Amino acid sequence: MTDAKTTDTIHEAQRHAVKMAKKKAARDKIMATKEGEKGLIIVHTGAGKGKSSSAFGMILRCIAHEMPCAVVQFIKGAWSTGERTLIEANFGHLCQFHAMGEGFTWETQDKERDIAAARKGWEKAKDLIRDERNRMVLLDEINIALRYDYLPVGEVVAFLTTEKPPMTHVVLTGRNAKEELIAIADLVTEMTLVKHPFRSGIKGQKGVEF
């Protein structure tokens with residue numbers, strides 16, 4: 001004889017199965033309309049942590065699929081980071097890594113030098129994006145260079161909309177993304193700051209920040 005508790009458990013399982021079946025049917029219907037592929041313009045911005053980390057996760061996915069890709073770092077080039085060490089030591093045949101930055105503007109304290117570094121990084125980025133062998137190109141912290149007008153946002157937008165190969169993904173990271181860039185992007189994610197250990201006096205640490 002089945003007790004009431006067991007009966008309720010069975011009914012709950014049945015209700016859950018029906019609910020999930022409906023959800024799957026609706027999802028399958030939506031997915032059936034999604035057939036196209038294209039190279040995406042992807043923007044990671046916002047005050048929260050995780051913009052570059054997420055972008056490097058996509059670079060590692062490309063590497064895992066043996067898809068050639070490339071990274072241009074506009075700000076962090078002066079630092080030794082785990083992702084750079086890993087990629088250069090093990091996956092240089094699949095991922096070109098160009099550390100072009102010299103640190104944040106308050107570290108160099110030389111605007112003309114910062115502009116020159118940003119321009120050099122952008123010229124390298126254009127070459128890498130034009131090369132259709134690269135399926136993804138990450139422009140790490142380029143939004144900071146755009147924020148300080150080290151690069152004209154109109155030039156970047158024009159290049160991405162007219163010269164980016166159709167199947168090449170371009171990922172642009174950094175807080176304060178320009179509205180013009182957001183307007184042309186296919187995917188924009190804003191990282192929201194809720195808590196950060198830096199505000200509690202904890203410095204950046206290996207494996208978390210770099």
# chains A, B, ... in the order shown; residues from 1 in each chain; ligands from 1

call {"tool": "closest_atom_pairs", "arguments": {"of": "region 96-140 of chain A", "to": "region 70-90 of chain A", "cutoff": "8 Å", "atoms": "only C-alpha atoms", "output": "tab-separated table"}}
result
residue	atom	partner	partner_atom	distance
A:Gln96	CA	A:Ala70	CA	4.5
A:Phe97	CA	A:Val71	CA	4.8
A:His98	CA	A:Val72	CA	4.8
A:Ala99	CA	A:Gly77	CA	4.1
A:Met100	CA	A:Gly77	CA	5.3
A:Gly101	CA	A:Ile75	CA	4.1
A:Glu102	CA	A:Ala78	CA	4.7
A:Gly103	CA	A:Ile75	CA	5.0
A:Phe104	CA	A:Ile75	CA	5.9
A:Ala117	CA	A:Phe74	CA	7.6
A:Ala118	CA	A:Phe74	CA	6.2
A:Gly121	CA	A:Phe74	CA	6.2
A:Lys124	CA	A:Val72	CA	7.6
A:Ala125	CA	A:Val72	CA	6.4
A:Leu128	CA	A:Ala70	CA	7.0
A:Asn134	CA	A:Ala70	CA	6.8
A:Met136	CA	A:Ala70	CA	6.5
A:Val137	CA	A:Ala70	CA	4.8
A:Leu138	CA	A:Val71	CA	4.7
A:Leu139	CA	A:Val72	CA	5.1
A:Asp140	CA	A:Gln73	CA	4.8

call {"tool": "residues_around", "arguments": {"residues": "region 165-178 of chain A", "least_positions_apart": "5", "cutoff": "6 Å", "atoms": "only C-alpha atoms", "output": "PyMOL selection string"}}
result
chain A and resi 38-47+51+135-141+143-144

call {"tool": "write_last_selection", "arguments": {"atoms": "N, CA and C atoms", "output": "compact mmCIF listing (two decimals), in the first residue's frame"}}
result
# COMPACT_ATOMS: atom_id res chain seq x y z
N LYS A 38 27.91 33.43 -37.71
CA LYS A 38 28.63 34.62 -38.16
C LYS A 38 29.72 34.93 -37.14
N GLY A 39 30.69 35.68 -37.58
CA GLY A 39 31.69 36.16 -36.66
C GLY A 39 31.11 37.27 -35.82
N LEU A 40 31.23 37.15 -34.51
CA LEU A 40 30.58 38.08 -33.59
C LEU A 40 31.53 39.18 -33.12
N ILE A 41 30.95 40.33 -32.87
CA ILE A 41 31.64 41.39 -32.14
C ILE A 41 31.12 41.30 -30.70
N ILE A 42 32.01 41.01 -29.78
CA ILE A 42 31.64 40.72 -28.40
C ILE A 42 32.30 41.74 -27.48
N VAL A 43 31.51 42.35 -26.61
CA VAL A 43 32.02 43.37 -25.70
C VAL A 43 31.79 42.91 -24.26
N HIS A 44 32.86 42.92 -23.47
CA HIS A 44 32.77 42.67 -22.04
C HIS A 44 33.13 43.97 -21.32
N THR A 45 32.20 44.52 -20.59
CA THR A 45 32.44 45.80 -19.93
C THR A 45 31.84 45.79 -18.54
N GLY A 46 31.85 46.94 -17.89
CA GLY A 46 31.29 47.04 -16.55
C GLY A 46 32.37 47.15 -15.48
N ALA A 47 31.95 47.55 -14.29
CA ALA A 47 32.88 47.78 -13.18
C ALA A 47 33.27 46.50 -12.46
N LYS A 51 35.92 40.45 -16.75
CA LYS A 51 35.83 40.76 -18.18
C LYS A 51 36.90 40.04 -18.99
N ARG A 135 40.29 32.68 -36.05
CA ARG A 135 38.84 32.60 -35.84
C ARG A 135 38.37 33.53 -34.73
N MET A 136 39.28 33.89 -33.82
CA MET A 136 38.92 34.82 -32.75
C MET A 136 40.13 35.69 -32.44
N VAL A 137 39.87 36.98 -32.23
CA VAL A 137 40.92 37.90 -31.81
C VAL A 137 40.42 38.65 -30.57
N LEU A 138 41.17 38.55 -29.50
CA LEU A 138 40.82 39.22 -28.25
C LEU A 138 41.61 40.51 -28.13
N LEU A 139 40.90 41.62 -27.98
CA LEU A 139 41.51 42.92 -27.77
C LEU A 139 41.31 43.27 -26.29
N ASP A 140 42.25 42.82 -25.47
CA ASP A 140 42.10 42.91 -24.03
C ASP A 140 42.36 44.32 -23.54
N GLU A 141 41.38 44.88 -22.83
CA GLU A 141 41.45 46.23 -22.24
C GLU A 141 41.49 47.35 -23.28
N ASN A 143 39.00 48.85 -24.34
CA ASN A 143 38.02 49.86 -23.93
C ASN A 143 38.64 50.97 -23.08
N ILE A 144 39.70 50.64 -22.35
CA ILE A 144 40.38 51.66 -21.57
C ILE A 144 41.08 52.64 -22.49

call {"tool": "atom_distance", "arguments": {"atom1": "CA of Lys111 (chain A)", "atom2": "CA of Tyr148 (chain A)"}}
result
9.4 Å

call {"tool": "closest_residue", "arguments": {"among": "A:Arg113, A:His16, A:Lys126, A:His196", "to": "Phe159 (chain A)", "atoms": "only C-alpha atoms"}}
result
A:Lys126

call {"tool": "residues_around", "arguments": {"residues": "Lys49 (chain A)", "least_positions_apart": "6", "cutoff": "9 Å", "atoms": "only C-alpha atoms", "output": "PyMOL selection string"}}
result
chain A and resi 191-193+196+209

call {"tool": "atom_distance", "arguments": {"atom1": "CA of Ala64 (chain A)", "atom2": "CA of Glu123 (chain A)"}}
result
27.3 Å

call {"tool": "decode", "arguments": {"residues": "region 171-204 of chain A", "atoms": "N, CA and C atoms", "output": "PDB file, in the first residue's frame"}}
result
ATOM      1  N   VAL A 171      36.666  40.039 -29.694  1.00  0.00           N
ATOM      2  CA  VAL A 171      36.242  40.283 -28.315  1.00  0.00           C
ATOM      3  C   VAL A 171      36.979  41.512 -27.796  1.00  0.00           C
ATOM      4  N   LEU A 172      36.229  42.459 -27.251  1.00  0.00           N
ATOM      5  CA  LEU A 172      36.801  43.699 -26.752  1.00  0.00           C
ATOM      6  C   LEU A 172      36.450  43.841 -25.270  1.00  0.00           C
ATOM      7  N   THR A 173      37.442  43.975 -24.415  1.00  0.00           N
ATOM      8  CA  THR A 173      37.183  44.030 -22.987  1.00  0.00           C
ATOM      9  C   THR A 173      37.586  45.365 -22.391  1.00  0.00           C
ATOM     10  N   GLY A 174      37.113  45.587 -21.178  1.00  0.00           N
ATOM     11  CA  GLY A 174      37.452  46.792 -20.434  1.00  0.00           C
ATOM     12  C   GLY A 174      36.208  47.560 -20.025  1.00  0.00           C
ATOM     13  N   ARG A 175      36.290  48.206 -18.861  1.00  0.00           N
ATOM     14  CA  ARG A 175      35.134  48.960 -18.385  1.00  0.00           C
ATOM     15  C   ARG A 175      34.894  50.204 -19.234  1.00  0.00           C
ATOM     16  N   ASN A 176      33.700  50.781 -19.060  1.00  0.00           N
ATOM     17  CA  ASN A 176      33.324  52.014 -19.758  1.00  0.00           C
ATOM     18  C   ASN A 176      33.390  51.907 -21.276  1.00  0.00           C
ATOM     19  N   ALA A 177      32.844  50.821 -21.806  1.00  0.00           N
ATOM     20  CA  ALA A 177      32.800  50.676 -23.266  1.00  0.00           C
ATOM     21  C   ALA A 177      32.021  51.828 -23.879  1.00  0.00           C
ATOM     22  N   LYS A 178      32.533  52.343 -24.983  1.00  0.00           N
ATOM     23  CA  LYS A 178      31.877  53.460 -25.674  1.00  0.00           C
ATOM     24  C   LYS A 178      30.531  53.011 -26.265  1.00  0.00           C
ATOM     25  N   GLU A 179      29.565  53.937 -26.245  1.00  0.00           N
ATOM     26  CA  GLU A 179      28.236  53.628 -26.777  1.00  0.00           C
ATOM     27  C   GLU A 179      28.295  53.247 -28.252  1.00  0.00           C
ATOM     28  N   GLU A 180      29.195  53.870 -28.995  1.00  0.00           N
ATOM     29  CA  GLU A 180      29.316  53.551 -30.417  1.00  0.00           C
ATOM     30  C   GLU A 180      29.729  52.095 -30.630  1.00  0.00           C
ATOM     31  N   LEU A 181      30.569  51.581 -29.726  1.00  0.00           N
ATOM     32  CA  LEU A 181      31.010  50.196 -29.810  1.00  0.00           C
ATOM     33  C   LEU A 181      29.885  49.247 -29.405  1.00  0.00           C
ATOM     34  N   ILE A 182      29.183  49.609 -28.357  1.00  0.00           N
ATOM     35  CA  ILE A 182      28.051  48.785 -27.909  1.00  0.00           C
ATOM     36  C   ILE A 182      26.997  48.689 -29.008  1.00  0.00           C
ATOM     37  N   ALA A 183      26.807  49.779 -29.741  1.00  0.00           N
ATOM     38  CA  ALA A 183      25.769  49.812 -30.780  1.00  0.00           C
ATOM     39  C   ALA A 183      26.027  48.801 -31.886  1.00  0.00           C
ATOM     40  N   ILE A 184      27.285  48.545 -32.222  1.00  0.00           N
ATOM     41  CA  ILE A 184      27.566  47.626 -33.339  1.00  0.00           C
ATOM     42  C   ILE A 184      27.812  46.194 -32.864  1.00  0.00           C
ATOM     43  N   ALA A 185      27.907  45.988 -31.562  1.00  0.00           N
ATOM     44  CA  ALA A 185      28.240  44.665 -31.034  1.00  0.00           C
ATOM     45  C   ALA A 185      27.069  43.695 -31.179  1.00  0.00           C
ATOM     46  N   ASP A 186      27.401  42.415 -31.318  1.00  0.00           N
ATOM     47  CA  ASP A 186      26.387  41.365 -31.360  1.00  0.00           C
ATOM     48  C   ASP A 186      26.076  40.837 -29.963  1.00  0.00           C
ATOM     49  N   LEU A 187      27.071  40.899 -29.091  1.00  0.00           N
ATOM     50  CA  LEU A 187      26.929  40.377 -27.733  1.00  0.00           C
ATOM     51  C   LEU A 187      27.630  41.336 -26.788  1.00  0.00           C
ATOM     52  N   VAL A 188      26.886  41.849 -25.813  1.00  0.00           N
ATOM     53  CA  VAL A 188      27.450  42.761 -24.819  1.00  0.00           C
ATOM     54  C   VAL A 188      27.108  42.244 -23.434  1.00  0.00           C
ATOM     55  N   THR A 189      28.129  42.079 -22.618  1.00  0.00           N
ATOM     56  CA  THR A 189      27.934  41.650 -21.237  1.00  0.00           C
ATOM     57  C   THR A 189      28.523  42.697 -20.306  1.00  0.00           C
ATOM     58  N   GLU A 190      27.733  43.128 -19.320  1.00  0.00           N
ATOM     59  CA  GLU A 190      28.205  44.086 -18.331  1.00  0.00           C
ATOM     60  C   GLU A 190      28.413  43.378 -17.007  1.00  0.00           C
ATOM     61  N   MET A 191      29.643  43.385 -16.535  1.00  0.00           N
ATOM     62  CA  MET A 191      29.966  42.796 -15.246  1.00  0.00           C
ATOM     63  C   MET A 191      29.618  43.799 -14.146  1.00  0.00           C
ATOM     64  N   THR A 192      28.738  43.421 -13.238  1.00  0.00           N
ATOM     65  CA  THR A 192      28.291  44.311 -12.174  1.00  0.00           C
ATOM     66  C   THR A 192      29.087  44.047 -10.901  1.00  0.00           C
ATOM     67  N   LEU A 193      29.609  45.103 -10.313  1.00  0.00           N
ATOM     68  CA  LEU A 193      30.359  44.969  -9.067  1.00  0.00           C
ATOM     69  C   LEU A 193      29.401  44.886  -7.884  1.00  0.00           C
ATOM     70  N   VAL A 194      29.519  43.819  -7.122  1.00  0.00           N
ATOM     71  CA  VAL A 194      28.751  43.662  -5.890  1.00  0.00           C
ATOM     72  C   VAL A 194      29.689  43.779  -4.685  1.00  0.00           C
ATOM     73  N   LYS A 195      30.748  42.998  -4.706  1.00  0.00           N
ATOM     74  CA  LYS A 195      31.785  43.089  -3.681  1.00  0.00           C
ATOM     75  C   LYS A 195      33.130  42.828  -4.341  1.00  0.00           C
ATOM     76  N   HIS A 196      34.183  43.429  -3.801  1.00  0.00           N
ATOM     77  CA  HIS A 196      35.525  43.184  -4.305  1.00  0.00           C
ATOM     78  C   HIS A 196      36.495  43.236  -3.133  1.00  0.00           C
ATOM     79  N   PRO A 197      37.416  42.256  -3.032  1.00  0.00           N
ATOM     80  CA  PRO A 197      38.339  42.224  -1.888  1.00  0.00           C
ATOM     81  C   PRO A 197      39.279  43.418  -1.826  1.00  0.00           C
ATOM     82  N   PHE A 198      39.520  44.073  -2.946  1.00  0.00           N
ATOM     83  CA  PHE A 198      40.411  45.234  -2.956  1.00  0.00           C
ATOM     84  C   PHE A 198      39.917  46.311  -1.998  1.00  0.00           C
ATOM     85  N   ARG A 199      38.593  46.432  -1.909  1.00  0.00           N
ATOM     86  CA  ARG A 199      38.009  47.432  -1.020  1.00  0.00           C
ATOM     87  C   ARG A 199      38.195  47.075   0.450  1.00  0.00           C
ATOM     88  N   SER A 200      38.547  45.845   0.709  1.00  0.00           N
ATOM     89  CA  SER A 200      38.807  45.418   2.085  1.00  0.00           C
ATOM     90  C   SER A 200      40.300  45.353   2.378  1.00  0.00           C
ATOM     91  N   GLY A 201      41.101  45.925   1.486  1.00  0.00           N
ATOM     92  CA  GLY A 201      42.532  45.978   1.717  1.00  0.00           C
ATOM     93  C   GLY A 201      43.304  44.773   1.211  1.00  0.00           C
ATOM     94  N   ILE A 202      42.683  43.937   0.375  1.00  0.00           N
ATOM     95  CA  ILE A 202      43.348  42.739  -0.144  1.00  0.00           C
ATOM     96  C   ILE A 202      43.840  43.029  -1.549  1.00  0.00           C
ATOM     97  N   LYS A 203      45.101  42.809  -1.784  1.00  0.00           N
ATOM     98  CA  LYS A 203      45.693  43.103  -3.087  1.00  0.00           C
ATOM     99  C   LYS A 203      45.348  42.015  -4.113  1.00  0.00           C
ATOM    100  N   GLY A 204      45.626  42.315  -5.398  1.00  0.00           N
ATOM    101  CA  GLY A 204      45.427  41.327  -6.440  1.00  0.00           C
ATOM    102  C   GLY A 204      46.317  40.103  -6.221  1.00  0.00           C
TER     103      GLY A 204
END
